[in-house]
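Novice: Next comes the structure file input-v4.cif, holding mmCIF, C-alpha atoms.
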data_target
#
loop_
_atom_site.label_atom_id
_atom_site.label_comp_id
_atom_site.auth_asym_id
_atom_site.auth_seq_id
_atom_site.Cartn_x
_atom_site.Cartn_y
_atom_site.Cartn_z
CA MET H 1 -12.50 5.81 25.46
CA SER H 2 -10.42 8.91 26.10
CA PRO H 3 -11.60 11.97 24.13
CA THR H 4 -7.99 12.61 23.14
CA ARG H 5 -7.64 9.20 21.49
CA ASN H 6 -8.03 10.51 17.97
CA LYS H 7 -4.68 10.16 16.17
CA ILE H 8 -4.21 7.68 13.33
CA ILE H 9 -0.78 6.17 12.65
CA SER H 10 0.09 5.23 9.09
CA ALA H 11 2.70 2.48 9.01
CA SER H 12 3.63 3.32 6.38
CA ARG H 13 3.52 4.99 2.97
CA ARG H 14 7.30 5.38 3.17
CA THR H 15 8.33 1.75 3.51
CA ASP H 16 6.99 -1.74 4.24
CA ILE H 17 7.11 -1.81 8.04
CA PRO H 18 5.30 -5.16 8.52
CA GLY H 19 7.54 -6.81 5.95
CA TRP H 20 10.90 -5.46 7.14
CA TYR H 21 10.65 -3.42 10.34
CA THR H 22 8.12 -5.08 12.63
CA SER H 23 10.61 -5.53 15.47
CA TRP H 24 11.66 -1.89 15.24
CA PHE H 25 8.02 -0.80 15.25
CA LEU H 26 7.18 -2.88 18.33
CA ASP H 27 10.24 -1.54 20.16
CA ARG H 28 9.12 2.03 19.52
CA ILE H 29 5.54 1.23 20.56
CA ARG H 30 6.82 -0.19 23.86
CA LEU H 31 8.84 2.99 24.40
CA GLY H 32 5.65 4.96 23.76
CA TYR H 33 6.89 7.34 21.07
CA PHE H 34 8.36 7.70 17.59
CA ILE H 35 10.77 10.26 16.23
CA ILE H 36 9.81 11.08 12.66
CA LYS H 37 11.55 13.33 10.16
CA ASN H 38 9.85 15.43 7.53
CA PRO H 39 11.19 13.95 4.24
CA TYR H 40 11.57 17.42 2.73
CA ASN H 41 12.97 19.73 5.40
CA LYS H 42 14.35 16.95 7.68
CA VAL H 43 12.80 18.54 10.77
CA ALA H 44 12.37 15.89 13.50
CA GLN H 45 9.23 15.52 15.59
CA ARG H 46 8.40 13.36 18.59
CA ILE H 47 5.10 11.49 18.28
CA ASP H 48 3.33 10.19 21.37
CA ALA H 49 2.28 6.63 20.52
CA HIS H 50 0.60 5.57 23.77
CA PRO H 51 -2.79 3.86 23.27
CA ASP H 52 -4.48 6.76 25.09
CA ASN H 53 -3.44 9.03 22.21
CA ILE H 54 -3.85 6.69 19.22
CA HIS H 55 -7.20 5.61 17.83
CA SER H 56 -5.95 3.31 15.06
CA ILE H 57 -2.87 2.02 13.28
CA VAL H 58 -3.18 1.49 9.54
CA PHE H 59 -0.57 -0.94 8.22
CA TRP H 60 0.56 -1.11 4.59
CA SER H 61 2.40 -4.19 3.34
CA LYS H 62 3.02 -6.68 0.57
CA ASN H 63 4.18 -9.34 3.00
CA PHE H 64 2.65 -9.65 6.47
CA ALA H 65 4.53 -12.88 7.30
CA PRO H 66 7.11 -11.30 9.69
CA PHE H 67 4.33 -9.27 11.34
CA ILE H 68 2.24 -12.41 11.89
CA ASP H 69 5.20 -14.58 12.92
CA LEU H 70 6.16 -12.07 15.63
CA GLN H 71 2.49 -11.97 16.77
CA ALA H 72 2.55 -8.21 16.35
CA ASP H 73 -1.19 -8.15 15.67
CA ARG H 74 -1.94 -9.81 19.03
CA ILE H 75 0.63 -7.73 20.91
CA LEU H 76 -0.83 -4.48 19.58
CA THR H 77 -4.46 -5.40 20.12
CA ASP H 78 -3.67 -6.56 23.66
CA MET H 79 -2.13 -3.13 24.27
CA GLY H 80 -5.37 -1.51 23.14
CA TYR H 81 -4.66 -0.41 19.56
CA ASN H 82 -7.23 -0.71 16.78
CA LEU H 83 -5.72 -2.12 13.57
CA TYR H 84 -6.52 -1.83 9.87
CA PHE H 85 -4.61 -3.44 6.99
CA ASN H 86 -3.84 -2.24 3.47
CA PHE H 87 -2.59 -5.45 1.85
CA THR H 88 -1.12 -5.23 -1.65
CA ILE H 89 -1.46 -8.53 -3.52
CA ASN H 90 -0.54 -8.23 -7.18
CA SER H 91 -0.04 -10.78 -9.90
CA GLN H 92 3.19 -12.71 -9.64
CA ALA H 93 5.79 -10.65 -11.53
CA PRO H 94 9.35 -11.39 -10.36
CA LEU H 95 10.86 -8.78 -12.66
CA LEU H 96 8.74 -6.08 -11.06
CA GLU H 97 8.40 -7.36 -7.47
CA PRO H 98 11.45 -9.61 -7.04
CA LYS H 99 11.58 -10.18 -3.28
CA LEU H 100 8.02 -11.22 -2.47
CA PRO H 101 6.73 -14.64 -1.36
CA ASP H 102 4.55 -16.41 -3.89
CA ILE H 103 0.87 -15.58 -4.14
CA ALA H 104 -0.27 -18.67 -2.24
CA GLN H 105 1.69 -17.59 0.84
CA ARG H 106 0.37 -14.04 0.69
CA LEU H 107 -3.21 -15.25 0.28
CA HIS H 108 -2.68 -17.41 3.35
CA GLN H 109 -1.55 -14.32 5.27
CA ALA H 110 -4.74 -12.56 4.15
CA SER H 111 -6.84 -15.47 5.38
CA LEU H 112 -5.16 -15.32 8.81
CA LEU H 113 -5.81 -11.59 9.10
CA CYS H 114 -9.43 -12.13 8.05
CA GLU H 115 -9.88 -14.81 10.70
CA ARG H 116 -8.38 -12.63 13.43
CA PHE H 117 -9.85 -9.24 12.55
CA GLY H 118 -12.64 -9.80 10.05
CA PRO H 119 -12.54 -9.00 6.32
CA ASP H 120 -13.95 -5.51 6.90
CA LYS H 121 -10.60 -4.55 8.47
CA ILE H 122 -8.67 -5.41 5.28
CA SER H 123 -8.38 -3.47 2.04
CA TRP H 124 -6.95 -5.38 -0.91
CA ARG H 125 -4.66 -3.27 -3.06
CA PHE H 126 -4.07 -4.53 -6.60
CA ASP H 127 -1.69 -1.72 -7.31
CA PRO H 128 -0.30 -0.45 -9.58
CA ILE H 129 -1.52 -1.83 -12.89
CA CYS H 130 1.54 -1.90 -15.11
CA PHE H 131 1.95 -2.26 -18.86
CA TYR H 132 5.51 -2.84 -19.96
CA ARG H 133 7.89 -4.41 -22.47
CA THR H 134 10.84 -6.63 -21.60
CA ASN H 135 13.85 -6.19 -23.89
CA ASN H 136 11.58 -4.28 -26.32
CA LYS H 137 9.49 -7.37 -27.07
CA LYS H 138 5.72 -7.85 -26.83
CA LEU H 139 3.58 -5.77 -24.49
CA GLU H 140 2.96 -7.38 -21.09
CA ASN H 141 0.84 -6.39 -18.10
CA THR H 142 0.27 -7.31 -14.45
CA LEU H 143 -3.33 -8.50 -14.81
CA ASN H 144 -2.57 -12.21 -15.24
CA ASP H 145 -3.56 -13.36 -11.75
CA PHE H 146 -6.23 -10.75 -11.05
CA THR H 147 -9.27 -13.03 -11.27
CA MET H 148 -7.60 -15.79 -9.26
CA ILE H 149 -6.68 -13.36 -6.46
CA ALA H 150 -10.15 -11.81 -6.56
CA ASP H 151 -11.80 -15.22 -6.28
CA ALA H 152 -9.66 -16.16 -3.28
CA LEU H 153 -10.19 -12.90 -1.41
CA ALA H 154 -13.91 -12.82 -2.17
CA GLY H 155 -14.10 -16.26 -0.56
CA MET H 156 -12.60 -14.71 2.59
CA GLY H 157 -15.25 -11.98 2.60
CA ILE H 158 -13.08 -9.04 1.51
CA THR H 159 -15.22 -6.41 -0.23
CA ARG H 160 -12.79 -3.65 -1.21
CA CYS H 161 -10.22 -3.59 -4.02
CA VAL H 162 -8.04 -0.52 -4.60
CA THR H 163 -6.07 0.10 -7.76
CA SER H 164 -4.35 2.73 -9.89
CA PHE H 165 -2.17 2.83 -12.98
CA TYR H 166 1.61 3.06 -12.84
CA ASN H 167 2.98 6.59 -12.48
CA ARG H 168 6.34 7.36 -13.98
CA TYR H 169 9.07 8.38 -11.53
CA LYS H 170 12.59 9.52 -12.40
CA LYS H 171 14.07 7.18 -9.79
CA VAL H 172 12.41 4.22 -11.55
CA GLU H 173 14.25 5.10 -14.75
CA THR H 174 17.48 5.25 -12.74
CA ARG H 175 16.80 1.78 -11.30
CA ILE H 176 16.11 0.36 -14.74
CA SER H 177 19.32 1.84 -16.10
CA HIS H 178 21.28 0.51 -13.12
CA LEU H 179 19.89 -3.01 -13.47
CA SER H 180 20.20 -3.20 -17.25
CA SER H 181 23.86 -2.17 -16.96
CA ARG H 182 24.30 -5.32 -14.89
CA SER H 183 22.87 -7.62 -17.57
CA LYS H 184 19.35 -7.57 -16.15
CA PRO H 185 16.39 -7.39 -18.56
CA LEU H 186 15.56 -3.97 -19.92
CA ILE H 187 12.04 -3.05 -18.83
CA THR H 188 10.18 -0.21 -20.49
CA PHE H 189 6.91 0.94 -18.93
CA VAL H 190 4.14 1.87 -21.35
CA ASP H 191 1.28 4.28 -20.62
CA PRO H 192 -1.92 2.91 -22.22
CA THR H 193 -4.43 5.17 -23.93
CA ILE H 194 -7.40 6.46 -21.94
CA LYS H 195 -9.70 4.12 -23.89
CA ASP H 196 -7.54 1.10 -23.07
CA LYS H 197 -7.46 2.09 -19.39
CA GLN H 198 -11.23 2.48 -19.39
CA LYS H 199 -11.67 -1.02 -20.84
CA VAL H 200 -9.37 -2.52 -18.21
CA ILE H 201 -11.05 -0.77 -15.28
CA ARG H 202 -14.58 -1.53 -16.43
CA ARG H 203 -13.73 -5.22 -16.89
CA MET H 204 -12.15 -5.33 -13.44
CA ALA H 205 -15.14 -3.59 -11.87
CA ASP H 206 -17.64 -5.88 -13.60
CA TYR H 207 -15.78 -9.00 -12.48
CA LEU H 208 -15.43 -7.75 -8.91
CA GLU H 209 -19.09 -6.80 -8.71
CA GLU H 210 -19.99 -10.45 -9.29
CA LYS H 211 -17.80 -11.26 -6.27
CA ASN H 212 -19.37 -8.59 -4.04
CA ILE H 213 -16.19 -6.51 -4.19
CA ILE H 214 -16.28 -2.78 -4.98
CA LEU H 215 -13.44 -1.33 -7.04
CA HIS H 216 -11.87 1.90 -5.74
CA LEU H 217 -9.40 4.11 -7.61
CA CYS H 218 -6.48 5.68 -5.74
CA CYS H 219 -5.33 9.15 -6.89
CA GLU H 220 -6.95 8.81 -10.32
CA ALA H 221 -9.35 11.79 -10.25
CA SER H 222 -9.05 12.85 -13.90
CA PHE H 223 -9.26 9.27 -15.14
CA LEU H 224 -12.27 8.57 -12.93
CA ASN H 225 -13.99 11.62 -14.41
CA SER H 226 -13.34 10.25 -17.90
CA LEU H 227 -15.51 7.23 -17.08
CA GLY H 228 -18.64 9.37 -16.90
CA ASP H 229 -21.50 8.59 -14.55
CA ASN H 230 -22.49 5.08 -15.58
CA HIS H 231 -20.25 3.06 -13.27
CA LYS H 232 -19.96 1.85 -9.67
CA ILE H 233 -16.27 2.63 -9.23
CA LYS H 234 -15.43 4.80 -6.23
CA LYS H 235 -12.71 7.19 -5.10
CA ASN H 236 -10.54 5.76 -2.37
CA ALA H 237 -9.29 6.86 1.02
CA CYS H 238 -6.47 4.48 1.95
CA ILE H 239 -6.66 5.97 5.44
CA ASP H 240 -10.31 6.63 6.18
CA GLY H 241 -11.17 8.12 9.58
CA LYS H 242 -14.90 7.77 8.98
CA LEU H 243 -14.50 4.08 8.21
CA LEU H 244 -12.33 3.58 11.29
CA LYS H 245 -14.97 5.31 13.39
CA HIS H 246 -17.62 2.99 11.92
CA LEU H 247 -15.48 -0.07 12.63
CA TYR H 248 -14.21 0.82 16.10
CA GLY H 249 -16.26 3.73 17.41
CA GLY H 250 -14.50 6.51 19.28
CA THR H 251 -13.36 9.83 17.86
CA PRO H 252 -10.68 9.25 15.20
CA GLU H 253 -9.46 12.13 13.05
CA THR H 254 -11.79 12.56 10.07
CA LYS H 255 -10.43 15.72 8.44
CA ARG H 256 -9.05 15.43 4.93
CA ASP H 257 -5.26 15.30 4.55
CA TYR H 258 -4.54 17.90 1.90
CA GLY H 259 -0.82 17.24 2.29
CA GLN H 260 -1.25 14.09 0.23
CA ARG H 261 -1.98 14.03 -3.51
CA SER H 262 -5.35 15.72 -3.13
CA LYS H 263 -5.22 17.27 -6.61
CA GLN H 264 -4.89 13.76 -8.04
CA GLY H 265 -7.89 12.59 -6.03
CA CYS H 266 -6.44 11.36 -2.72
CA GLN H 267 -9.26 11.19 -0.17
CA CYS H 268 -7.16 10.19 2.83
CA THR H 269 -7.79 11.38 6.35
CA LYS H 270 -5.00 13.10 8.29
CA ALA H 271 -2.59 10.59 9.77
CA ILE H 272 0.94 10.42 11.16
CA ASP H 273 3.27 8.57 8.80
CA ILE H 274 5.85 6.52 10.69
CA GLY H 275 9.10 5.43 9.15
CA SER H 276 11.70 7.08 6.98
CA TYR H 277 12.61 6.84 3.32
CA GLU H 278 16.28 7.15 4.25
CA ASP H 279 16.46 5.04 7.42
CA HIS H 280 14.04 2.30 6.38
CA PRO H 281 14.65 1.35 2.76
CA CYS H 282 12.35 -1.40 1.51
CA SER H 283 14.13 -4.53 0.36
CA HIS H 284 11.25 -5.89 -1.71
CA ASN H 285 12.98 -3.88 -4.47
CA CYS H 286 9.77 -3.34 -6.44
CA LEU H 287 10.86 -1.74 -9.69
CA PHE H 288 7.94 0.70 -9.97
CA CYS H 289 7.92 1.93 -6.35
CA TYR H 290 8.12 5.66 -5.50
CA ALA H 291 9.72 4.92 -2.11
CA ASN H 292 13.37 4.21 -1.29
CA THR H 293 14.40 0.65 -2.09
CA GLY H 294 17.51 -1.38 -1.49
CA ILE H 295 18.40 -0.83 -5.14
CA ASP H 296 18.34 2.94 -4.61
CA THR H 297 20.67 2.59 -1.62
CA GLN H 298 23.09 0.57 -3.75
CA ILE H 299 22.98 3.18 -6.49
CA ARG H 300 23.70 6.04 -4.06
CA GLN H 301 26.54 4.13 -2.40
CA GLY H 302 28.01 3.38 -5.79
CA LYS H 303 27.98 7.06 -6.68
CA ARG H 304 29.79 7.94 -3.45
CA GLN H 305 32.64 5.52 -4.16
#
Take the structure in this file and express it as structure tokens.

Specialist:
Amino acid sequence: MSPTRNKIISASRRTDIPGWYTSWFLDRIRLGYFIIKNPYNKVAQRIDAHPDNIHSIVFWSKNFAPFIDLQADRILTDMGYNLYFNFTINSQAPLLEPKLPDIAQRLHQASLLCERFGPDKISWRFDPICFYRTNNKKLENTLNDFTMIADALAGMGITRCVTSFYNRYKKVETRISHLSSRSKPLITFVDPTIKDKQKVIRRMADYLEEKNIILHLCCEASFLNSLGDNHKIKKNACIDGKLLKHLYGGTPETKRDYGQRSKQGCQCTKAIDIGSYEDHPCSHNCLFCYANTGIDTQIRQGKRQ
């Protein structure tokens, strides 16, 4: 393996590339480069994406069906890329994640990826945990299908579950206002107490331990500290160069990426994030998402009119 083959591509924190932009991604891979823009200063940068330069590609998605249907996994591995998958599978909640296939289809996608790559190449994200009220009625949450999903994925051999609690974003409040003005249900997110969060996480961890799955927390440093020492819950690196080195060998980047939410506990390794908030809005339209969704595009276009 070339000593320069150390870069890690993240595809992507900014949008769901496997779910919506697989064809675009494959076209850019065949060209051998990506042009990415810094989301803050808009400065463009050309990224060499030839296999000689890239150690691994880490994909993030809630729906790998288009990726699998286009045989992107086989195309990329045949070209020499190492692949890892962050697969978010939450409880069915159409009000919060309206454009996703049902759980059975997504679990089937997970089984296909496990068969082709092995369960050690897949991280299950049950994320975020949301507590909310619909039209100011009783308190609801997104934990309904957790044990069922855990049972299914444990049967496939997956051993990692990553979670966090919902973080409030101003754009989410804008989405809610926009949708409720169009006769959609009014959803109000609720932040549980620390004690309630602790109960939830400990129950999840205990259940997962019985299934040989370790629970990891993403960007929850202060909350993790509140749990004390008597637990088996771990910090998470969604992009983990040391893990990729263990899985594939070679010399991937292993330095910490302090450009992420390191103060909140992000442990991720440095990686190159492909995709654009502006150019690649995600049409899953998840209500709680920090990224740019189709709803956000509609809101901006409406303001311009």

Novice: With 6 Å added on each side, what axis-aligned box encloses every listed atom of region 213-228 of chain H? Give the centre and edge lengths in Å to one decimal, as lines of an AutoDock Vina configuration file.

Specialist:
center_x = -12.0
center_y = 3.2
center_z = -11.0
size_x = 25.3
size_y = 31.4
size_z = 25.7

Novice: Contacts of Tyr290 (chain H) at 8 Å or less, counting all atoms listed in the file, minus same-chain residues fewer than 3 places along, as a list in words?

Specialist: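 In the requested form, the answer reads Tyr169, Lys171 and Val172 of chain H.
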
Novice: Leaving out region 99-108 of chain H and any residue of its chain fewer than 6 positions from it, which residues lie within 10 Å of it when counting all atoms listed in the file, given as a list in words?

Specialist: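 The residues that qualify are Gly19, Lys62, Asn63, Phe64, Ala65, Phe87, Thr88, Ile89, Asn90, Ser91, Gln92, Ala93, Cys114, Asp145, Met148, Ile149, Ala152, Leu153, Met156, Ser283, His284, Asn285 and Cys286 of chain H.
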
Novice: Suppose you want the space between CA of Asn6 (chain H) and CA of Ile36 (chain H); what is it in Å?

Specialist: 18.6 Å

Novice: So how many Å separate CA of Thr142 (chain H) and CA of Lys195 (chain H), to one decimal?

Specialist: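 Result for CA of Thr142 (chain H) versus CA of Lys195 (chain H): 17.9 Å, one decimal.
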
Novice: Determine the residue set returned by the PyMOL selection byres ((chain H and resi 20) around 8) for the present structure, and present it as a compact mmCIF listing (two decimals) with C-alpha atoms, keeping the file's coordinate frame.

Specialist:
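Final output, saved to out-v8.txt:
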# COMPACT_ATOMS: atom_id res chain seq x y z
CA ASP H 16 6.99 -1.74 4.24
CA ILE H 17 7.11 -1.81 8.04
CA PRO H 18 5.30 -5.16 8.52
CA GLY H 19 7.54 -6.81 5.95
CA TYR H 21 10.65 -3.42 10.34
CA THR H 22 8.12 -5.08 12.63
CA PRO H 66 7.11 -11.30 9.69
CA CYS H 282 12.35 -1.40 1.51
CA SER H 283 14.13 -4.53 0.36

Novice: Could you list the residues chosen by the PyMOL selection byres ((chain H and resi 208-215) around 10) in this structure as a tab-separated table (two decimals) with C-alpha atoms, in the frame of the given file?

Specialist:
chain	number	residue	atom	x	y	z
H	124	TRP	CA	-6.95	-5.38	-0.91
H	125	ARG	CA	-4.66	-3.27	-3.06
H	126	PHE	CA	-4.07	-4.53	-6.60
H	146	PHE	CA	-6.23	-10.75	-11.05
H	147	THR	CA	-9.27	-13.03	-11.27
H	150	ALA	CA	-10.15	-11.81	-6.56
H	151	ASP	CA	-11.80	-15.22	-6.28
H	152	ALA	CA	-9.66	-16.16	-3.28
H	153	LEU	CA	-10.19	-12.90	-1.41
H	154	ALA	CA	-13.91	-12.82	-2.17
H	155	GLY	CA	-14.10	-16.26	-0.56
H	157	GLY	CA	-15.25	-11.98	2.60
H	158	ILE	CA	-13.08	-9.04	1.51
H	159	THR	CA	-15.22	-6.41	-0.23
H	160	ARG	CA	-12.79	-3.65	-1.21
H	161	CYS	CA	-10.22	-3.59	-4.02
H	162	VAL	CA	-8.04	-0.52	-4.60
H	163	THR	CA	-6.07	0.10	-7.76
H	201	ILE	CA	-11.05	-0.77	-15.28
H	202	ARG	CA	-14.58	-1.53	-16.43
H	203	ARG	CA	-13.73	-5.22	-16.89
H	204	MET	CA	-12.15	-5.33	-13.44
H	205	ALA	CA	-15.14	-3.59	-11.87
H	206	ASP	CA	-17.64	-5.88	-13.60
H	207	TYR	CA	-15.78	-9.00	-12.48
H	216	HIS	CA	-11.87	1.90	-5.74
H	217	LEU	CA	-9.40	4.11	-7.61
H	218	CYS	CA	-6.48	5.68	-5.74
H	232	LYS	CA	-19.96	1.85	-9.67
H	233	ILE	CA	-16.27	2.63	-9.23
H	234	LYS	CA	-15.43	4.80	-6.23
H	235	LYS	CA	-12.71	7.19	-5.10
H	236	ASN	CA	-10.54	5.76	-2.37

Novice: Which one of H:Val58, H:Ile194, H:Ile129, H:Ile176 sits closest to Lys7 (chain H) if you count all atoms listed in the file?

Specialist: H:Val58

Novice: On this structure, the PyMOL selection byres ((chain H and resi 250) around 10) would catch which residues? List them as JSON, numbers by chain, sorted by chain and number.

Specialist: {"H": [1, 2, 3, 4, 5, 6, 55, 244, 245, 246, 247, 248, 249, 251, 252, 253]}
